[in-house]
Amino acid sequence: MRVVVKMYKIEKLTVKNRCEIPVGGVVEIEVNESIHIHSDLGKQCYGQFYLRKCLAKKGLLQCVHSPFPANWKGKPLIVVKNDDVAPIELRSGDEVGEIWIFTHKY
């Protein structure tokens, strides 16, 4: 019998530069944080970005949902669309979301 232990770590991401997202606009958001998805022998690792719920309630939609693979290193670029009827402002330092880094040990 094989036992799988699932663990995760959460990394908060903050906006690097102020941006205003126009109605219907799609933008790439730069973040301040660098992320490294570590990978070790006997472990499967990947990261997944989740947009803050308060931003989703304002009408911000996450456009890219692909995971960050093992050994990925760098600053994530977040792509969002404003699906609201008013522009949405993100200020420098605002939390835009989180990357959950999942590790599965065998």
# chains A, B, ... in the order shown; residues from 1 in each chain; ligands from 1
call {"tool": "select_by_dssp", "arguments": {"residues": "chain A", "states": "strand (DSSP E or B)", "output": "PyMOL selection string"}}
result
chain A and resi 5-15+19-21+26-31+35-36+43-51+60-62+68+73-74+77-82+88-90+95-105
call {"tool": "select_by_dssp", "arguments": {"residues": "chain A", "states": "alpha helix (DSSP H)", "output": "PyMOL selection string"}}
result
chain A and resi 53-57
call {"tool": "residues_around", "arguments": {"residues": "stretch 33-44 of chain A", "least_positions_apart": "6", "cutoff": "8 Å", "atoms": "only C-alpha atoms", "output": "PyMOL selection string"}}
result
chain A and resi 11+13-14+68-76+101+103-106
call {"tool": "atom_distance", "arguments": {"atom1": "atom CA of A:Ile29", "atom2": "atom CA of A:Gly59"}}
result
15.7 Å
call {"tool": "closest_residue", "arguments": {"among": "A:Lys12, A:Glu95, A:Gln48, A:Ile78", "to": "A:Ser66", "atoms": "only C-alpha atoms"}}
result
A:Gln48
call {"tool": "closest_residue", "arguments": {"among": "A:Ile99, A:Met7, A:Cys54, A:Val26", "to": "A:Asp83", "atoms": "only C-alpha atoms"}}
result
A:Val26
call {"tool": "closest_residue", "arguments": {"among": "A:Val31, A:Leu51, A:Val79, A:Cys19", "to": "A:Trp100", "atoms": "only C-alpha atoms"}}
result
A:Leu51
call {"tool": "residues_around", "arguments": {"residues": "A:Asp84", "least_positions_apart": "5", "cutoff": "10 Å", "atoms": "only C-alpha atoms", "output": "PyMOL selection string"}}
result
chain A and resi 21-25+56-61
call {"tool": "atom_distance", "arguments": {"atom1": "atom CA of A:Lys53", "atom2": "atom CA of A:Lys81"}}
result
14.4 Å
call {"tool": "atom_distance", "arguments": {"atom1": "atom CA of A:Ile88", "atom2": "atom CA of A:Lys9"}}
result
29.0 Å
